[in-house]
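Enquirer: Have a look at this one before I ask anything.
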Amino acid sequence: MLKVAMVSEHASPLAVLGGVDAGGQNVHVAALAETIARQGAEVTVFTRRDDPTLPDRVPYASGVTVEHVPAGPAKAIEKDRLLAHMGRFAEYLSRRWSQERPDVVHSHFWMSGKASLEAGLPLGIPVVHTFHALGIEKRRHQGSKDTSPRSRLGVECRIAREASRIIATASAEAFELVRMGADQTKITVVPCGVDLQLFQPVGPSERRDRRRKRIVCLGRLVERKGIGDVITALTALPDTELIVAGGPEASKLHEDTEARRLQQLAQDLGVAARVIFRGRVERVNVPPLLRSADAVVCYPWYEPFGIVPLEAMACGVPVLVAQVGGLVDSVVNGVTGMHVPPRSPAALADALRELLKNEKRCMELALAGTRRANSLYGWARVASDTLAVYNDVIIERVFAQRAS
């Protein structure tokens with residue numbers, strides 16, 4: 001049986017979604033681990049212990065175990081402050097893998113890549129890496145607001161050069177990696193996936209006021225997600241409401257800096273009565289929320305991939321996305337959704353106005369989006385393509401050992 005070690009230092013499969021550092025990567029790691037296990041592998045996910053009450057190992061699904069790594073204080077720490085603890089993280093991995101050697105390591109995010117290479121290379125274990133986000137993109141778009149450690153870009157370049165294989169989630173990321181010095185032959189594009197059992201057109205839909213059009217934004221409450229631009233666009237869309245889902249529990253939204261900023265923006269623009277902040281939505285309640293929408297909007301300044309548009313497409317809902325990063329791959333402009341230039345509330349308002357008044361067009365986009373999600377982005381296919389990469393690097397390592 002293939003033994004896979006997944007390393008995800010800050011994004012645990014067990015984490016509650018919607019927090020500042022809990023989102024798409026948690027979903028990705030959890031679903032990929034579970035589906036790879038169903039296809040015959042044994043998977044251990046190594047993630048940092050952030051709570052002293054957590055057991056050392058937690059069975060997550062059949063064939064999947066989550067192992068908590070003691071690296072730094074056992075409490076929640078923002079991911080941009082975790083670098084100082086990656087040395088201890090790597091030491092733990094080295095000890096564990098010396099005792100129980102995996103066939104392949106798959107690291108997720110740059111600090112996991114750093115720790116995995118430090119532990120895996122001396123042991124001769126192939127390391128496959130998925131960045132999920134690139135520091136150069138973050139710095140390009142956030143400038144002085146980028147809170148990443150200064151060394152991030154250099155570490156990512158090293159990972160791009162030294163990993164056995166890089167799995168990029170979108171073509172735009174693959175091109176960026178080549179510019180960073182990665183060998184193009186070592187890059188394989190495998191997209192993120194969507195749970196097609198949970199997200200599908202048939203199912204309950206949340207009750208709503210049909211006298212208004214409804215658009216939904218779902219995701220973490222961070223400035224780069226562009227929710228402020230969506231609120232601004234709402235000023236040109238009378239009789240339309242916006243549901244903002246994500247962040248902390250609704251009762252704690254008043255404690256969240258970005259939630260307060262967005263609420264004040266809505267108040268200042270005179271649309272507060274039409275902007276509903278839901279806070280964190282339980283995963284099982286996400287499909288009914290998406291199905292209740294006339295359109296789902298994903299409008300970030302930049303986005304390595306973006307899972308929410310796939311979830312909406314799978315639910316048969318039209319999507320409008322910023323023309324950035326992985327969204328350009330997953331949403332085919334004019335076929336399965338609409339692309340809009342980023343950071344342009346006026347352009348977004350124009351696109352939404354045209355779409356929302358044309359029910360036939362909405363249905364065409366919804367049908368095509370559902371077909372695309374089902375044919376290309378199911379987790380079974382994503383896991384199969386990922387396993388093919390694992391097998392490639394294992395075979396390459398075997399031949400290298402024979403030649404030495």
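In the structure tokens, chains take the letters A, B, ... in the order shown, each chain's residues start at 1, and ligands count up from 1 in the order shown.
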Identify, on the basis of only C-alpha atoms, every residue whose closest approach to stretch 60-69 of chain A does not exceed 9 Å; exclude the query and any residue fewer than 4 positions from it along the same chain; express the result as a list in words.
Expert: Glu9, Ser12, Pro13, Leu14, Ala30, Ala33, Glu34, Ile36, Ala37, Arg38, Gly40, Ala41, Glu42, Val43, Thr44, Val45, Phe46, Thr47, Arg48, Arg49, Asp50, Leu54, Pro55, Asp56, Arg88, Phe89, Tyr92 and Leu93 of chain A
Enquirer: Find the spatial neighbours of stretch 298-302 of chain A, counting only C-alpha atoms, within a cut-off of 10 Å - ignore same-chain residues fewer than 6 positions away - and output them as an mmCIF file with C-alpha atoms, in the first residue's frame.
Expert:
data_model
loop_
_atom_site.group_PDB
_atom_site.id
_atom_site.type_symbol
_atom_site.label_atom_id
_atom_site.label_comp_id
_atom_site.auth_asym_id
_atom_site.auth_seq_id
_atom_site.Cartn_x
_atom_site.Cartn_y
_atom_site.Cartn_z
ATOM 1 C CA ALA A 133 -0.336 30.828 -2.947
ATOM 2 C CA GLU A 137 1.899 37.458 -6.004
ATOM 3 C CA LYS A 138 1.031 38.559 -2.487
ATOM 4 C CA ARG A 140 2.797 42.385 -5.969
ATOM 5 C CA HIS A 141 -0.825 42.994 -5.007
ATOM 6 C CA GLN A 142 -0.600 43.902 -1.316
ATOM 7 C CA VAL A 216 -23.702 35.852 -2.586
ATOM 8 C CA CYS A 217 -20.049 36.268 -1.600
ATOM 9 C CA LEU A 218 -18.547 33.397 0.372
ATOM 10 C CA GLY A 219 -15.074 33.224 1.864
ATOM 11 C CA VAL A 222 -9.741 39.596 4.302
ATOM 12 C CA GLU A 223 -9.321 42.762 2.263
ATOM 13 C CA ARG A 224 -7.802 41.102 -0.793
ATOM 14 C CA LYS A 225 -10.991 39.076 -1.341
ATOM 15 C CA GLY A 226 -12.539 42.245 -2.783
ATOM 16 C CA ILE A 227 -15.820 42.159 -0.870
ATOM 17 C CA GLY A 228 -15.549 45.909 -0.427
ATOM 18 C CA ASP A 229 -15.674 46.298 -4.213
ATOM 19 C CA VAL A 230 -18.820 44.138 -4.344
ATOM 20 C CA VAL A 308 -16.098 28.880 -4.259
ATOM 21 C CA PRO A 309 -16.845 29.399 -7.990
ATOM 22 C CA VAL A 319 -20.777 32.950 -11.334
ATOM 23 C CA LEU A 320 -19.011 36.247 -11.888
ATOM 24 C CA VAL A 321 -15.303 36.249 -11.077
ATOM 25 C CA ALA A 322 -12.376 38.616 -11.161
ATOM 26 C CA GLN A 323 -10.184 37.966 -14.182
ATOM 27 C CA VAL A 324 -7.213 36.831 -12.110
ATOM 28 C CA GLY A 325 -5.141 33.734 -11.377
ATOM 29 C CA GLY A 326 -6.824 30.360 -11.254
ATOM 30 C CA LEU A 327 -10.282 31.842 -11.785
ATOM 31 C CA HIS A 339 -14.894 37.450 -16.117
ATOM 32 C CA VAL A 340 -14.686 41.015 -14.815
ATOM 33 C CA PRO A 341 -11.502 43.139 -14.480
ATOM 34 C CA PRO A 342 -10.458 43.186 -10.802
ATOM 35 C CA ARG A 343 -10.861 46.165 -8.498
ATOM 36 C CA SER A 344 -13.461 47.838 -10.719
ATOM 37 C CA PRO A 345 -16.821 48.122 -8.921
ATOM 38 C CA LEU A 348 -18.733 44.559 -11.797
#
Enquirer: Which residues are close to A:Leu196, i.e. within 10 Å by only C-alpha atoms, leaving aside same-chain residues fewer than 5 positions away? Reply as JSON, numbers by chain.
Expert: {"A": [201, 310, 311, 314, 315, 370, 373, 374, 377, 378, 379, 380]}
Enquirer: How far is it from atom CA of A:Gly72 to atom CA of A:Glu91, in Å with one decimal?
Expert: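 Separating atom CA of A:Gly72 from atom CA of A:Glu91 is a distance of 12.3 Å.
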Enquirer: Considering only C-alpha atoms, can you say which of A:Leu237, A:Ala388, A:Ala366, A:Val27 comes closest to A:Asp350?
Expert: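 Checking each of A:Leu237, A:Ala388, A:Ala366, A:Val27 against A:Asp350, counting only C-alpha atoms, the winner is A:Leu237.
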Enquirer: Which neighbours of A:Arg260 fall inside 12 Å, counting only C-alpha atoms, when residues of the same chain fewer than 4 positions from it are skipped, and could you give them as a list in words?
Expert: Leu221, Val222, Glu223, Gly228, Gly247, Pro248, Lys252, Leu253, His254, Glu255, Asp256, Gln264, Leu265, Ala266, Gln267, Phe277 and Gly279 of chain A
Enquirer: Would you give me, as a VMD selection string, the residues in stretch 161-375 of chain A that DSSP reads as alpha helix (DSSP H)?
Expert: chain A and resid 161 to 162 171 to 179 227 to 233 257 to 269 286 to 291 308 to 314 327 to 330 345 to 356 359 to 375
Enquirer: Let me make sure I understand: among A:Leu376, A:Leu121, A:Val296, A:Leu198, which one has the smallest atom-to-atom distance to A:Met338 if we use only C-alpha atoms?
Expert: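 Smallest separation from A:Met338 among the options: A:Val296.
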Enquirer: With only C-alpha atoms counted and 8 Å as the cut-off, give the residues of stretch 67-137 of chain A in contact with stretch 150-169 of chain A, each with its shortest interatomic distance in Å and the pair that gives it, as a Markdown table.
Expert:
| residue | atom | partner | partner_atom | distance |
| --- | --- | --- | --- | --- |
| A:Trp110 | CA | A:Glu156 | CA | 6.1 |
| A:Gly113 | CA | A:Ile159 | CA | 6.5 |
| A:Lys114 | CA | A:Ile159 | CA | 6.8 |
| A:Leu117 | CA | A:Ala163 | CA | 7.2 |
| A:Pro126 | CA | A:Ser164 | CA | 5.7 |
| A:Val127 | CA | A:Ser164 | CA | 5.3 |
| A:Val128 | CA | A:Arg165 | CA | 4.8 |
| A:His129 | CA | A:Ile166 | CA | 4.9 |
| A:Thr130 | CA | A:Ile167 | CA | 5.1 |
| A:Phe131 | CA | A:Ala168 | CA | 7.2 |
| A:His132 | CA | A:Thr169 | CA | 7.2 |
| A:Leu134 | CA | A:Glu156 | CA | 7.7 |
| A:Gly135 | CA | A:Leu153 | CA | 5.7 |
| A:Ile136 | CA | A:Leu153 | CA | 6.3 |
Enquirer: If we count only C-alpha atoms, what is near A:Ala84 at a cut-off of 12 Å, once residues fewer than 3 positions away on the same chain are taken out, given as an MDAnalysis selection string?
Expert: chainID A and resid 71:73 77:81 87:90 111 114:115 149 151
Enquirer: A:Thr232, A:Gln184, A:Gln25, A:Gln401: which is nearest A:Arg220, counting only C-alpha atoms?
Expert: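 So, comparing all the options, the nearest one is A:Gln25.
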Enquirer: Out of stretch 87-244 of chain A, which residues get strand (DSSP E) from DSSP, as a list in words?
Expert: Val104, Val105, His106, Ser107, His108, Val127, Val128, His129, Thr130, Arg165, Ile166, Ile167, Ala168, Ile187, Thr188, Val189, Lys213, Arg214, Ile215, Val216, Cys217, Leu218, Thr240, Glu241, Leu242, Ile243 and Val244 of chain A
Enquirer: Between atom CA of A:Leu262 and atom CA of A:Ala236, what is the distance, to one decimal in Å?
Expert: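 These atoms are spaced 17.2 Å apart.
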Enquirer: Which residue out of A:Thr147, A:Ser94, A:Ser171, A:Ser107 has the minimum interatomic distance to A:Pro304 when only C-alpha atoms are used?
Expert: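 Checking each of A:Thr147, A:Ser94, A:Ser171, A:Ser107 against A:Pro304, counting only C-alpha atoms, the winner is A:Ser171.
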Enquirer: Quick one: residues within 8 Å of A:Ile215, only C-alpha atoms, excluding same-chain residues fewer than 2 positions away - as a list in words?
Expert: Lys213, Cys217, Thr240, Glu241, Leu242, Ile243, Ala293, Asp294, Ala295, Val296 and Val297 of chain A
Enquirer: How would the residues just picked look written out with N, CA and C atoms as an mmCIF file, in the first residue's frame?
Expert:
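Generated file (part_22.cif):
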data_model
loop_
_atom_site.group_PDB
_atom_site.id
_atom_site.type_symbol
_atom_site.label_atom_id
_atom_site.label_comp_id
_atom_site.auth_asym_id
_atom_site.auth_seq_id
_atom_site.Cartn_x
_atom_site.Cartn_y
_atom_site.Cartn_z
ATOM 1 N N LYS A 213 -33.323 40.651 -6.178
ATOM 2 C CA LYS A 213 -32.291 39.757 -6.672
ATOM 3 C C LYS A 213 -31.311 39.498 -5.528
ATOM 4 N N CYS A 217 -21.513 36.363 -1.709
ATOM 5 C CA CYS A 217 -20.049 36.268 -1.600
ATOM 6 C C CYS A 217 -19.738 35.347 -0.430
ATOM 7 N N THR A 240 -31.408 44.774 -5.166
ATOM 8 C CA THR A 240 -30.514 43.613 -5.106
ATOM 9 C C THR A 240 -29.906 43.558 -3.709
ATOM 10 N N GLU A 241 -29.891 42.359 -3.121
ATOM 11 C CA GLU A 241 -29.276 42.187 -1.812
ATOM 12 C C GLU A 241 -27.991 41.379 -1.946
ATOM 13 N N LEU A 242 -27.084 41.599 -1.011
ATOM 14 C CA LEU A 242 -25.805 40.899 -0.983
ATOM 15 C C LEU A 242 -25.682 40.134 0.322
ATOM 16 N N ILE A 243 -25.450 38.842 0.220
ATOM 17 C CA ILE A 243 -25.174 38.010 1.395
ATOM 18 C C ILE A 243 -23.667 37.804 1.461
ATOM 19 N N ALA A 293 -29.019 31.834 -4.537
ATOM 20 C CA ALA A 293 -28.501 33.038 -5.182
ATOM 21 C C ALA A 293 -28.904 33.104 -6.652
ATOM 22 N N ASP A 294 -29.096 34.321 -7.140
ATOM 23 C CA ASP A 294 -29.217 34.541 -8.584
ATOM 24 C C ASP A 294 -27.845 34.516 -9.230
ATOM 25 N N ALA A 295 -26.822 34.898 -8.476
ATOM 26 C CA ALA A 295 -25.440 34.830 -8.953
ATOM 27 C C ALA A 295 -24.513 34.788 -7.752
ATOM 28 N N VAL A 296 -23.393 34.093 -7.899
ATOM 29 C CA VAL A 296 -22.346 34.070 -6.886
ATOM 30 C C VAL A 296 -21.167 34.872 -7.430
ATOM 31 N N VAL A 297 -20.647 35.761 -6.598
ATOM 32 C CA VAL A 297 -19.556 36.644 -7.022
ATOM 33 C C VAL A 297 -18.297 36.313 -6.244
#
